[in-house]
>>> print(open('input.cif').read())   # mmCIF, C-alpha atoms
data_model
loop_
_atom_site.group_PDB
_atom_site.id
_atom_site.type_symbol
_atom_site.label_atom_id
_atom_site.label_comp_id
_atom_site.auth_asym_id
_atom_site.auth_seq_id
_atom_site.Cartn_x
_atom_site.Cartn_y
_atom_site.Cartn_z
ATOM 1 C CA GLY W 120 -1.460 -6.434 -7.991
ATOM 2 C CA ILE W 121 -2.732 -2.962 -7.358
ATOM 3 C CA LEU W 122 -0.759 0.263 -7.168
ATOM 4 C CA ALA W 123 -2.343 2.945 -5.041
ATOM 5 C CA PHE W 124 -0.776 6.230 -4.107
ATOM 6 C CA SER W 125 -1.840 9.269 -2.192
ATOM 7 C CA ASN W 126 -1.055 12.912 -1.649
ATOM 8 C CA ASP W 127 -1.178 13.766 -5.347
ATOM 9 C CA PRO W 128 -2.910 15.611 -6.895
ATOM 10 C CA ALA W 129 -4.714 16.543 -3.622
ATOM 11 C CA LYS W 130 -2.349 17.155 -0.709
ATOM 12 C CA HIS W 131 -3.219 16.107 2.861
ATOM 13 C CA SER W 132 -1.020 16.556 5.902
ATOM 14 C CA ASP W 133 -2.364 13.278 7.344
ATOM 15 C CA TYR W 134 -1.856 11.222 4.181
ATOM 16 C CA ILE W 135 0.064 8.464 5.975
ATOM 17 C CA GLU W 136 -2.759 7.904 8.449
ATOM 18 C CA ARG W 137 -5.202 7.874 5.522
ATOM 19 C CA VAL W 138 -3.138 5.283 3.661
ATOM 20 C CA LEU W 139 -2.872 3.042 6.707
ATOM 21 C CA GLN W 140 -6.610 3.370 7.370
ATOM 22 C CA ALA W 141 -7.333 2.478 3.732
ATOM 23 C CA ALA W 142 -5.100 -0.611 3.989
ATOM 24 C CA PHE W 143 -7.017 -1.818 7.049
ATOM 25 C CA GLU W 144 -10.352 -1.110 5.367
ATOM 26 C CA ILE W 145 -9.283 -3.126 2.310
ATOM 27 C CA GLN W 146 -8.266 -6.029 4.533
ATOM 28 C CA ASN W 147 -11.552 -5.888 6.441
ATOM 29 C CA LYS W 148 -13.621 -5.761 3.229
ATOM 30 C CA ILE W 149 -11.758 -8.754 1.764
ATOM 31 C CA ASN W 150 -12.164 -10.701 5.009
ATOM 32 C CA SER W 151 -15.890 -9.892 5.202
ATOM 33 C CA LYS W 152 -16.400 -11.372 1.719
ATOM 34 C CA LYS W 153 -13.860 -14.191 2.074
ATOM 35 C CA ILE W 154 -16.311 -17.020 1.336
ATOM 36 C CA GLU W 155 -17.724 -15.228 -1.719
ATOM 37 C CA TYR W 156 -14.235 -14.507 -3.093
ATOM 38 C CA GLU W 157 -13.045 -18.064 -2.482
ATOM 39 C CA GLU W 158 -16.045 -19.426 -4.392
ATOM 40 C CA LEU W 159 -15.212 -17.134 -7.320
ATOM 41 C CA TRP W 160 -11.475 -17.907 -7.244
ATOM 42 C CA LEU W 161 -12.057 -21.605 -6.476
ATOM 43 C CA GLY W 162 -9.467 -21.345 -3.722
ATOM 44 C CA ASN W 163 -7.933 -19.070 -1.128
ATOM 45 C CA PHE W 164 -8.086 -15.353 -1.814
ATOM 46 C CA GLU W 165 -5.507 -13.569 0.292
ATOM 47 C CA ILE W 166 -3.748 -10.233 0.033
ATOM 48 C CA SER W 167 -0.554 -8.772 1.377
ATOM 49 C CA ILE W 168 0.192 -5.058 1.469
ATOM 50 C CA GLY W 169 3.393 -3.022 1.322
ATOM 51 C CA ILE W 170 3.480 0.693 2.120
ATOM 52 C CA SER W 171 6.320 3.181 1.766
ATOM 53 C CA SER W 172 6.608 6.945 1.697
ATOM 54 C CA GLY W 173 8.730 9.290 -0.359
ATOM 55 C CA TYR W 174 9.004 11.160 -3.602
ATOM 56 C CA ALA W 175 7.906 9.636 -6.891
ATOM 57 C CA SER W 176 7.403 10.884 -10.411
ATOM 58 C CA VAL W 177 3.651 11.183 -10.818
ATOM 59 C CA GLY W 178 1.755 11.880 -14.011
ATOM 60 C CA PHE W 179 0.362 10.454 -17.224
ATOM 61 C CA TYR W 180 2.739 7.865 -18.667
ATOM 62 C CA GLY W 181 2.477 6.085 -21.985
ATOM 63 C CA ASN W 182 2.437 7.280 -25.566
ATOM 64 C CA ASP W 183 0.097 7.622 -28.514
ATOM 65 C CA ARG W 184 0.335 3.915 -29.255
ATOM 66 C CA TYR W 185 -0.370 2.725 -25.700
ATOM 67 C CA PHE W 186 -2.948 3.841 -23.186
ATOM 68 C CA LYS W 187 -1.700 6.656 -20.991
ATOM 69 C CA SER W 188 -2.363 6.167 -17.322
ATOM 70 C CA TYR W 189 -1.958 8.415 -14.317
ATOM 71 C CA THR W 190 0.574 6.596 -12.194
ATOM 72 C CA ALA W 191 3.642 6.895 -10.000
ATOM 73 C CA ILE W 192 7.117 5.582 -10.715
ATOM 74 C CA GLY W 193 10.316 5.639 -8.719
ATOM 75 C CA ARG W 194 12.304 4.072 -5.926
ATOM 76 C CA VAL W 195 9.560 4.498 -3.326
ATOM 77 C CA VAL W 196 7.093 2.625 -5.555
ATOM 78 C CA ASN W 197 9.560 -0.236 -6.001
ATOM 79 C CA LEU W 198 10.080 -0.421 -2.235
ATOM 80 C CA ALA W 199 6.321 -0.647 -1.606
ATOM 81 C CA ALA W 200 6.042 -3.423 -4.210
ATOM 82 C CA ARG W 201 8.871 -5.383 -2.615
ATOM 83 C CA LEU W 202 7.363 -4.956 0.859
ATOM 84 C CA GLY W 203 4.027 -6.214 -0.475
ATOM 85 C CA SER W 204 5.742 -9.241 -2.021
ATOM 86 C CA ALA W 205 7.591 -9.991 1.217
ATOM 87 C CA ALA W 206 4.458 -9.663 3.387
ATOM 88 C CA LYS W 207 2.638 -12.806 4.433
ATOM 89 C CA PRO W 208 -1.050 -13.136 3.506
ATOM 90 C CA GLY W 209 -3.060 -10.677 5.594
ATOM 91 C CA GLN W 210 0.058 -8.783 6.669
ATOM 92 C CA ILE W 211 0.826 -5.097 6.093
ATOM 93 C CA LEU W 212 4.527 -4.266 5.927
ATOM 94 C CA VAL W 213 5.557 -0.631 6.138
ATOM 95 C CA SER W 214 8.898 0.999 5.485
ATOM 96 C CA ASN W 215 10.984 2.428 8.307
ATOM 97 C CA ASP W 216 10.076 5.879 6.999
ATOM 98 C CA ILE W 217 6.374 5.186 7.616
ATOM 99 C CA LYS W 218 7.075 3.815 11.084
ATOM 100 C CA THR W 219 9.216 6.840 11.998
ATOM 101 C CA LYS W 220 6.604 9.321 10.761
ATOM 102 C CA MET W 221 3.836 7.522 12.643
ATOM 103 C CA PHE W 222 5.776 7.563 15.930
ATOM 104 C CA LYS W 223 6.121 11.331 15.541
ATOM 105 C CA SER W 224 2.411 11.692 14.693
ATOM 106 C CA THR W 225 -0.227 12.724 17.188
ATOM 107 C CA ASN W 226 -2.388 9.865 15.816
ATOM 108 C CA LYS W 227 0.171 7.118 16.498
ATOM 109 C CA SER W 228 -2.163 5.348 18.909
ATOM 110 C CA LEU W 229 -4.554 4.541 16.036
ATOM 111 C CA PHE W 230 -2.234 1.861 14.681
ATOM 112 C CA GLY W 231 -0.220 -0.816 16.409
ATOM 113 C CA PHE W 232 3.234 -1.546 15.049
ATOM 114 C CA SER W 233 5.471 -4.473 15.764
ATOM 115 C CA GLU W 234 8.969 -4.895 14.421
ATOM 116 C CA ILE W 235 9.846 -8.073 12.607
ATOM 117 C CA SER W 236 13.113 -9.407 11.316
ATOM 118 C CA MET W 237 13.155 -9.591 7.564
ATOM 119 C CA PRO W 238 15.646 -10.874 5.075
ATOM 120 C CA PRO W 239 17.018 -8.199 2.726
ATOM 121 C CA LEU W 240 14.589 -7.203 -0.011
ATOM 122 C CA LYS W 241 15.578 -7.915 -3.605
ATOM 123 C CA GLY W 242 16.705 -4.909 -5.632
#
>>> encode(input="input.cif", output="structure tokens")
Amino acid sequence: GILAFSNDPAKHSDYIERVLQAAFEIQNKINSKKIEYEELWLGNFEISIGISSGYASVGFYGNDRYFKSYTAIGRVVNLAARLGSAAKPGQILVSNDIKTKMFKSTNKSLFGFSEISMPPLKG
């Protein structure tokens, strides 16, 4: 799994569009190298992505005994992880907050959204 976050430390008013664009670019890059990855993994190599938006505690976490890493923790991070786990291979699931913000955005035509029925997420 990979945790990626945006809008900290550099702030961007269009960070949601940037995150969605990055998710599509990651998918396209994986798909363009699918055969190579499958040879390395000796099987299917598929990803699913979950994206949410909100406030998180961001900074260097760890202590003197363990490596400190710059990361984000909080409810919004857990939601993104659960969305990613619930997504089917090749699917990008976004929170309602992301969908709402994108429908208010002037760039909403860049991304197509479709609503799906989902069982409740764990946690």
>>> atom_distance(input="input.cif", atom1="atom CA of Val213 of chain W", atom2="atom CA of Phe164 of chain W")
21.6 Å
>>> residues_around(input="input.cif", residues="Pro238 of chain W", least_positions_apart="2", cutoff="9 Å", atoms="all atoms listed in the file", output="compact mmCIF listing (two decimals) with C-alpha atoms, in the frame of the given file")
# COMPACT_ATOMS: atom_id res chain seq x y z
CA ALA W 205 7.59 -9.99 1.22
CA SER W 236 13.11 -9.41 11.32
CA LEU W 240 14.59 -7.20 -0.01
>>> resolve_selection(input="input.cif", expression="the PyMOL selection byres ((chain W and resi 168-180) around 9)", output="PyMOL selection string")
chain W and resi 127-128+135+138-139+142+166-167+181-182+186-196+198-217
>>> atom_distance(input="input.cif", atom1="atom CA of Trp160 of chain W", atom2="atom CA of Ile145 of chain W")
17.7 Å
>>> axis_aligned_box(input="input.cif", around="segment 194-197 of chain W", padding_each_side="4 Å", output="lines of an AutoDock Vina configuration file")
center_x = 9.7
center_y = 2.1
center_z = -4.7
size_x = 13.2
size_y = 12.7
size_z = 10.7
>>> build_atoms(input="input.cif", residues="segment 153-177 of chain W", atoms="N, CA and C atoms", output="PDB file, in the frame of the given file")
ATOM      1  N   LYS W 153     -14.803 -13.099   2.321  1.00  0.00           N
ATOM      2  CA  LYS W 153     -13.860 -14.191   2.074  1.00  0.00           C
ATOM      3  C   LYS W 153     -14.507 -15.401   1.405  1.00  0.00           C
ATOM      4  N   ILE W 154     -15.648 -15.833   1.897  1.00  0.00           N
ATOM      5  CA  ILE W 154     -16.311 -17.020   1.336  1.00  0.00           C
ATOM      6  C   ILE W 154     -16.726 -16.761  -0.109  1.00  0.00           C
ATOM      7  N   GLU W 155     -17.312 -15.589  -0.354  1.00  0.00           N
ATOM      8  CA  GLU W 155     -17.724 -15.228  -1.719  1.00  0.00           C
ATOM      9  C   GLU W 155     -16.533 -15.201  -2.673  1.00  0.00           C
ATOM     10  N   TYR W 156     -15.430 -14.594  -2.246  1.00  0.00           N
ATOM     11  CA  TYR W 156     -14.235 -14.507  -3.093  1.00  0.00           C
ATOM     12  C   TYR W 156     -13.640 -15.893  -3.338  1.00  0.00           C
ATOM     13  N   GLU W 157     -13.615 -16.731  -2.322  1.00  0.00           N
ATOM     14  CA  GLU W 157     -13.045 -18.064  -2.482  1.00  0.00           C
ATOM     15  C   GLU W 157     -13.872 -18.921  -3.426  1.00  0.00           C
ATOM     16  N   GLU W 158     -15.197 -18.717  -3.435  1.00  0.00           N
ATOM     17  CA  GLU W 158     -16.045 -19.426  -4.392  1.00  0.00           C
ATOM     18  C   GLU W 158     -15.750 -18.960  -5.822  1.00  0.00           C
ATOM     19  N   LEU W 159     -15.524 -17.668  -5.992  1.00  0.00           N
ATOM     20  CA  LEU W 159     -15.212 -17.134  -7.320  1.00  0.00           C
ATOM     21  C   LEU W 159     -13.825 -17.565  -7.794  1.00  0.00           C
ATOM     22  N   TRP W 160     -12.851 -17.567  -6.893  1.00  0.00           N
ATOM     23  CA  TRP W 160     -11.475 -17.907  -7.244  1.00  0.00           C
ATOM     24  C   TRP W 160     -11.230 -19.409  -7.179  1.00  0.00           C
ATOM     25  N   LEU W 161     -12.187 -20.156  -6.652  1.00  0.00           N
ATOM     26  CA  LEU W 161     -12.057 -21.605  -6.476  1.00  0.00           C
ATOM     27  C   LEU W 161     -10.826 -21.948  -5.621  1.00  0.00           C
ATOM     28  N   GLY W 162     -10.594 -21.139  -4.628  1.00  0.00           N
ATOM     29  CA  GLY W 162      -9.467 -21.345  -3.722  1.00  0.00           C
ATOM     30  C   GLY W 162      -9.302 -20.154  -2.814  1.00  0.00           C
ATOM     31  N   ASN W 163      -8.212 -20.164  -2.065  1.00  0.00           N
ATOM     32  CA  ASN W 163      -7.933 -19.070  -1.128  1.00  0.00           C
ATOM     33  C   ASN W 163      -7.744 -17.746  -1.861  1.00  0.00           C
ATOM     34  N   PHE W 164      -8.293 -16.702  -1.299  1.00  0.00           N
ATOM     35  CA  PHE W 164      -8.086 -15.353  -1.814  1.00  0.00           C
ATOM     36  C   PHE W 164      -7.489 -14.548  -0.679  1.00  0.00           C
ATOM     37  N   GLU W 165      -6.209 -14.267  -0.773  1.00  0.00           N
ATOM     38  CA  GLU W 165      -5.507 -13.569   0.292  1.00  0.00           C
ATOM     39  C   GLU W 165      -4.715 -12.412  -0.303  1.00  0.00           C
ATOM     40  N   ILE W 166      -4.542 -11.370   0.488  1.00  0.00           N
ATOM     41  CA  ILE W 166      -3.748 -10.233   0.033  1.00  0.00           C
ATOM     42  C   ILE W 166      -2.645  -9.927   1.032  1.00  0.00           C
ATOM     43  N   SER W 167      -1.610  -9.316   0.531  1.00  0.00           N
ATOM     44  CA  SER W 167      -0.554  -8.772   1.377  1.00  0.00           C
ATOM     45  C   SER W 167      -0.324  -7.348   0.885  1.00  0.00           C
ATOM     46  N   ILE W 168       0.089  -6.475   1.797  1.00  0.00           N
ATOM     47  CA  ILE W 168       0.192  -5.058   1.469  1.00  0.00           C
ATOM     48  C   ILE W 168       1.550  -4.528   1.889  1.00  0.00           C
ATOM     49  N   GLY W 169       2.150  -3.709   1.019  1.00  0.00           N
ATOM     50  CA  GLY W 169       3.393  -3.022   1.322  1.00  0.00           C
ATOM     51  C   GLY W 169       3.191  -1.522   1.170  1.00  0.00           C
ATOM     52  N   ILE W 170       3.671  -0.761   2.135  1.00  0.00           N
ATOM     53  CA  ILE W 170       3.480   0.693   2.120  1.00  0.00           C
ATOM     54  C   ILE W 170       4.814   1.377   2.384  1.00  0.00           C
ATOM     55  N   SER W 171       5.125   2.354   1.543  1.00  0.00           N
ATOM     56  CA  SER W 171       6.320   3.181   1.766  1.00  0.00           C
ATOM     57  C   SER W 171       5.967   4.629   1.482  1.00  0.00           C
ATOM     58  N   SER W 172       6.852   5.518   1.855  1.00  0.00           N
ATOM     59  CA  SER W 172       6.608   6.945   1.697  1.00  0.00           C
ATOM     60  C   SER W 172       7.836   7.602   1.103  1.00  0.00           C
ATOM     61  N   GLY W 173       7.613   8.562   0.231  1.00  0.00           N
ATOM     62  CA  GLY W 173       8.730   9.290  -0.359  1.00  0.00           C
ATOM     63  C   GLY W 173       8.307   9.953  -1.650  1.00  0.00           C
ATOM     64  N   TYR W 174       9.279  10.453  -2.359  1.00  0.00           N
ATOM     65  CA  TYR W 174       9.004  11.160  -3.602  1.00  0.00           C
ATOM     66  C   TYR W 174       8.978  10.205  -4.781  1.00  0.00           C
ATOM     67  N   ALA W 175       8.027  10.421  -5.671  1.00  0.00           N
ATOM     68  CA  ALA W 175       7.906   9.636  -6.891  1.00  0.00           C
ATOM     69  C   ALA W 175       7.570  10.581  -8.036  1.00  0.00           C
ATOM     70  N   SER W 176       7.839  10.131  -9.233  1.00  0.00           N
ATOM     71  CA  SER W 176       7.403  10.884 -10.411  1.00  0.00           C
ATOM     72  C   SER W 176       5.959  10.476 -10.677  1.00  0.00           C
ATOM     73  N   VAL W 177       5.076  11.452 -10.675  1.00  0.00           N
ATOM     74  CA  VAL W 177       3.651  11.183 -10.818  1.00  0.00           C
ATOM     75  C   VAL W 177       3.128  11.923 -12.043  1.00  0.00           C
TER      76      VAL W 177
END
